[in-house]
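Peer 1: Sharing a structure, written as structure tokens. Questions coming.
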Amino acid sequence: MNIAICVTTTPNRKELFAQSFLKLVENTPANVSYKIYNDVNYEGIAKAKNKCLAMAEGFDFVFLLDDDIFPLDKSWISEYVNSGLEHAMYIFDRTLQERTEKYFSYDLPRGCMLFLTRKAIDMAGGMDENFKVWGYEHAEYSRRIYNMGLTPAPFIDRPNSIDLFYSYDRWHACKSSVSEGQRMQAITANYKLYEQNLNSKEFKPYK
């Protein structure tokens, strides 16, 4: 069993990444590999995450983290790897739709920490790079994995994972890596693309 932890960083948050990465290593078991992708030119979330997936080729389990989240307990790896789930994500401040012993499902996703098995990656591929900069790329990816029958609901997390991580975004403790102007430019087209692909089962290349 080999595990890759991939972190995407942006140029304007170097100090934040340094702090988060130290905490990540401190609260992660030793038998993992770290992959870092610095999105220097900020080509967008979908492209950056796909770069990470390419670097994690051959790993059985892959975690995709932003630079503004870190674990608080070393059990976080086993919580997801041993869950029996092919894909999950750390979700906060969303409406709970279903509660089971294995997972909680929500109405909307979060993208700061995604968990994927090799099976999910091999079947679904990566994120759709037609999504520009920011918005709905995580949601489309998770829904596509669900459409393939790999998950019981589109947006799921482990039960009671809320205390496993510290998210700067959750507590509004850092500046966003995407400006409001960039969000407004991308969101309309991205949402339209998301709606068009609600039922997609198409493999999306990531390398």
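Following the order of the structure tokens, chains are lettered A, B, ..., residues in each are numbered from 1, and ligands are numbered from 1.
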Based on the backbone DSSP call, show me all residues of stretch 6-130 of chain A assigned strand (DSSP E), as an MDAnalysis selection string.
Peer 2: chainID A and resid 6:9 33:38 61:65 69:71 87:89 96:99 104:106 113:117
Peer 1: Under the rule of at most 10 Å, produce a per-residue listing of stretch 32-79 of chain A near stretch 11-16 of chain A: chain, number, name, the closest pair of atoms, and the distance in Å, as a Markdown table, using only C-alpha atoms.
Peer 2:
| residue | atom | partner | partner_atom | distance |
| --- | --- | --- | --- | --- |
| A:Asn38 | CA | A:Pro11 | CA | 7.2 |
| A:Asp39 | CA | A:Pro11 | CA | 7.1 |
| A:Val40 | CA | A:Pro11 | CA | 5.7 |
| A:Asn41 | CA | A:Pro11 | CA | 8.2 |
| A:Tyr42 | CA | A:Pro11 | CA | 8.2 |
| A:Asp67 | CA | A:Leu16 | CA | 7.0 |
| A:Asp68 | CA | A:Leu16 | CA | 6.7 |
| A:Ile69 | CA | A:Leu16 | CA | 9.4 |
Peer 1: Mind dumping a table of every stretch 108-154 of chain A residue within 8 Å of stretch 55-66 of chain A, with the nearest atom pair and its distance in Å to one decimal, using only C-alpha atoms, sorted by chain and rising number, as a tab-separated table?
Peer 2:
residue	atom	partner	partner_atom	distance
A:Gly111	CA	A:Asp66	CA	7.9
A:Cys112	CA	A:Asp66	CA	5.1
A:Met113	CA	A:Leu65	CA	4.6
A:Leu114	CA	A:Leu64	CA	5.0
A:Phe115	CA	A:Phe63	CA	4.6
A:Leu116	CA	A:Val62	CA	5.2
A:Thr117	CA	A:Phe61	CA	4.6
A:Arg118	CA	A:Asp60	CA	4.9
Peer 1: Could you write out the selected residues, including N, CA and C atoms, as a PDB file, in the first residue's frame?
Peer 2:
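Full text of part_35.pdb as output:
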ATOM      1  N   GLY A 111     -13.204  21.629  -1.628  1.00  0.00           N
ATOM      2  CA  GLY A 111     -12.077  21.160  -2.419  1.00  0.00           C
ATOM      3  C   GLY A 111     -10.729  21.210  -1.747  1.00  0.00           C
ATOM      4  N   CYS A 112     -10.693  21.533  -0.457  1.00  0.00           N
ATOM      5  CA  CYS A 112      -9.394  21.742   0.195  1.00  0.00           C
ATOM      6  C   CYS A 112      -8.645  20.447   0.486  1.00  0.00           C
ATOM      7  N   MET A 113      -9.361  19.303   0.592  1.00  0.00           N
ATOM      8  CA  MET A 113      -8.711  18.012   0.808  1.00  0.00           C
ATOM      9  C   MET A 113      -9.545  16.921   0.148  1.00  0.00           C
ATOM     10  N   LEU A 114      -9.011  16.353  -0.919  1.00  0.00           N
ATOM     11  CA  LEU A 114      -9.696  15.278  -1.625  1.00  0.00           C
ATOM     12  C   LEU A 114      -8.927  13.975  -1.445  1.00  0.00           C
ATOM     13  N   PHE A 115      -9.664  12.901  -1.252  1.00  0.00           N
ATOM     14  CA  PHE A 115      -9.093  11.563  -1.149  1.00  0.00           C
ATOM     15  C   PHE A 115      -9.553  10.748  -2.343  1.00  0.00           C
ATOM     16  N   LEU A 116      -8.612  10.030  -2.979  1.00  0.00           N
ATOM     17  CA  LEU A 116      -8.931   9.227  -4.157  1.00  0.00           C
ATOM     18  C   LEU A 116      -8.159   7.918  -4.110  1.00  0.00           C
ATOM     19  N   THR A 117      -8.809   6.853  -4.530  1.00  0.00           N
ATOM     20  CA  THR A 117      -8.112   5.588  -4.706  1.00  0.00           C
ATOM     21  C   THR A 117      -7.606   5.503  -6.143  1.00  0.00           C
ATOM     22  N   ARG A 118      -6.680   4.590  -6.380  1.00  0.00           N
ATOM     23  CA  ARG A 118      -6.186   4.378  -7.743  1.00  0.00           C
ATOM     24  C   ARG A 118      -7.327   3.960  -8.665  1.00  0.00           C
TER      25      ARG A 118
END
Peer 1: Extract, using only C-alpha atoms, all DNA, RNA and protein residues at most 9 Å from stretch 45-53 of chain A, discarding same-chain residues fewer than 4 positions from it, and format them as number ranges by chain.
Peer 2: A: 5-9, 35-39, 57, 62, 64-65, 121, 125-135, 137-138, 205-207
Peer 1: Looking at A:Ser105, A:Asn190, A:Ser142, A:Asn197, which one is nearest to A:Pro159, with distances taken over only C-alpha atoms?
Peer 2: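 Between A:Ser105, A:Asn190, A:Ser142, A:Asn197, the residue approaching A:Pro159 most closely is A:Ser105.
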Peer 1: Could you pull out the alpha helix (DSSP H) residues of stretch 74-160 of chain A, going by DSSP on the backbone, and write them as a ChimeraX atom specification?
Peer 2: /A:76-81,118-124,137-147
Peer 1: Could you check which of A:Ala120, A:Arg158, A:His87, A:Tyr146 is closest to A:Lys102, using only C-alpha atoms?
Peer 2: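 Nearest candidate to A:Lys102 out of A:Ala120, A:Arg158, A:His87, A:Tyr146: A:Arg158.
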Peer 1: One decimal, Å: what's the distance from atom CA of A:Leu164 over to atom CA of A:Arg99, could you say?
Peer 2: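 So the answer is 17.9 Å.
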Peer 1: Would you mind reading off the distance between atom CA of A:Arg144 and atom CA of A:Ser33, one decimal, in Å?
Peer 2: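 These atoms are spaced 26.8 Å apart.
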Peer 1: Return the single residue from A:Asp169, A:Asp163, A:Asp157, A:Glu140 that is closest to A:Asn199, with distances computed using only C-alpha atoms.
Peer 2: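 Of the candidates, the smallest distance to A:Asn199 is held by A:Glu140.
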Peer 1: List the spatial neighbours of stretch 70-77 of chain A as a CSV table (one decimal) with N, CA and C atoms, in the first residue's frame - criterion: any atom at most 9 Å away, only C-alpha atoms, same-chain residues fewer than 5 positions off excluded.
Peer 2:
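The file below, out39.csv, is the result:
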chain,number,residue,atom,x,y,z
A,3,ILE,N,1.1,5.5,-0.5
A,3,ILE,CA,0.2,6.7,-0.4
A,3,ILE,C,1.0,8.0,-0.8
A,20,SER,N,1.7,25.4,7.0
A,20,SER,CA,0.8,24.3,6.8
A,20,SER,C,1.6,23.0,6.6
A,21,PHE,N,2.7,23.1,5.8
A,21,PHE,CA,3.4,21.9,5.4
A,21,PHE,C,4.1,21.3,6.6
A,22,LEU,N,4.7,22.2,7.5
A,22,LEU,CA,5.3,21.7,8.7
A,22,LEU,C,4.3,20.9,9.6
A,23,LYS,N,3.1,21.5,9.7
A,23,LYS,CA,2.1,20.8,10.5
A,23,LYS,C,1.6,19.5,9.8
A,24,LEU,N,1.6,19.5,8.5
A,24,LEU,CA,1.2,18.3,7.7
A,24,LEU,C,2.2,17.2,8.0
A,25,VAL,N,3.5,17.5,7.9
A,25,VAL,CA,4.5,16.4,8.2
A,25,VAL,C,4.4,16.0,9.6
A,26,GLU,N,4.2,16.9,10.5
A,26,GLU,CA,4.2,16.6,12.0
A,26,GLU,C,3.1,15.6,12.3
A,27,ASN,N,1.9,15.8,11.6
A,27,ASN,CA,0.7,15.0,11.9
A,27,ASN,C,0.4,14.0,10.9
A,28,THR,N,1.4,13.4,10.2
A,28,THR,CA,1.2,12.4,9.2
A,28,THR,C,2.2,11.3,9.4
A,29,PRO,N,1.8,10.0,9.3
A,29,PRO,CA,2.7,8.9,9.5
A,29,PRO,C,3.8,9.0,8.5
A,63,PHE,N,-4.0,11.8,-1.9
A,63,PHE,CA,-4.6,12.9,-1.2
A,63,PHE,C,-4.2,14.2,-1.9
A,65,LEU,N,-4.3,18.1,-1.4
A,65,LEU,CA,-4.5,19.2,-0.4
A,65,LEU,C,-4.2,20.5,-1.0
A,82,ASN,N,-8.7,3.4,5.1
A,82,ASN,CA,-9.4,2.2,5.6
A,82,ASN,C,-10.9,2.3,5.5
A,161,SER,N,-15.3,14.0,10.8
A,161,SER,CA,-14.0,14.3,10.4
A,161,SER,C,-13.7,15.8,10.7
A,163,ASP,N,-13.0,17.4,13.2
A,163,ASP,CA,-11.9,17.7,14.1
A,163,ASP,C,-10.5,17.2,13.7
A,164,LEU,N,-10.5,16.6,12.5
A,164,LEU,CA,-9.2,16.0,12.0
A,164,LEU,C,-8.3,17.0,11.3
A,165,PHE,N,-8.9,18.2,10.9
A,165,PHE,CA,-8.1,19.2,10.1
A,165,PHE,C,-8.3,20.6,10.7
A,166,TYR,N,-7.3,21.4,10.4
A,166,TYR,CA,-7.5,22.8,10.5
A,166,TYR,C,-7.5,23.4,9.1
A,167,SER,N,-8.6,24.1,8.8
A,167,SER,CA,-8.7,24.8,7.5
A,167,SER,C,-8.7,26.3,7.7
A,168,TYR,N,-7.7,27.0,7.1
A,168,TYR,CA,-7.7,28.5,7.2
A,168,TYR,C,-9.0,29.0,6.6
Peer 1: For a test of reading the model, state the distance in Å between atom CA of A:Ala88 and atom CA of A:Met148, rounded to one decimal.
Peer 2: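 Between atom CA of A:Ala88 and atom CA of A:Met148 the gap is 14.5 Å.
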Peer 1: Which neighbours of A:Tyr136 fall inside 9 Å, counting only C-alpha atoms, when residues of the same chain fewer than 6 positions from it are skipped, and could you give them as a list of chain:residue names?
Peer 2: A:Ile187, A:Asn190, A:Tyr191, A:Leu193, A:Tyr194
Peer 1: Which residue out of A:Tyr106, A:Ala124, A:Asn31, A:Glu98 has the minimum interatomic distance to A:Glu86 when only C-alpha atoms are used?
Peer 2: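 Result for the nearest residue to A:Glu86: A:Ala124.
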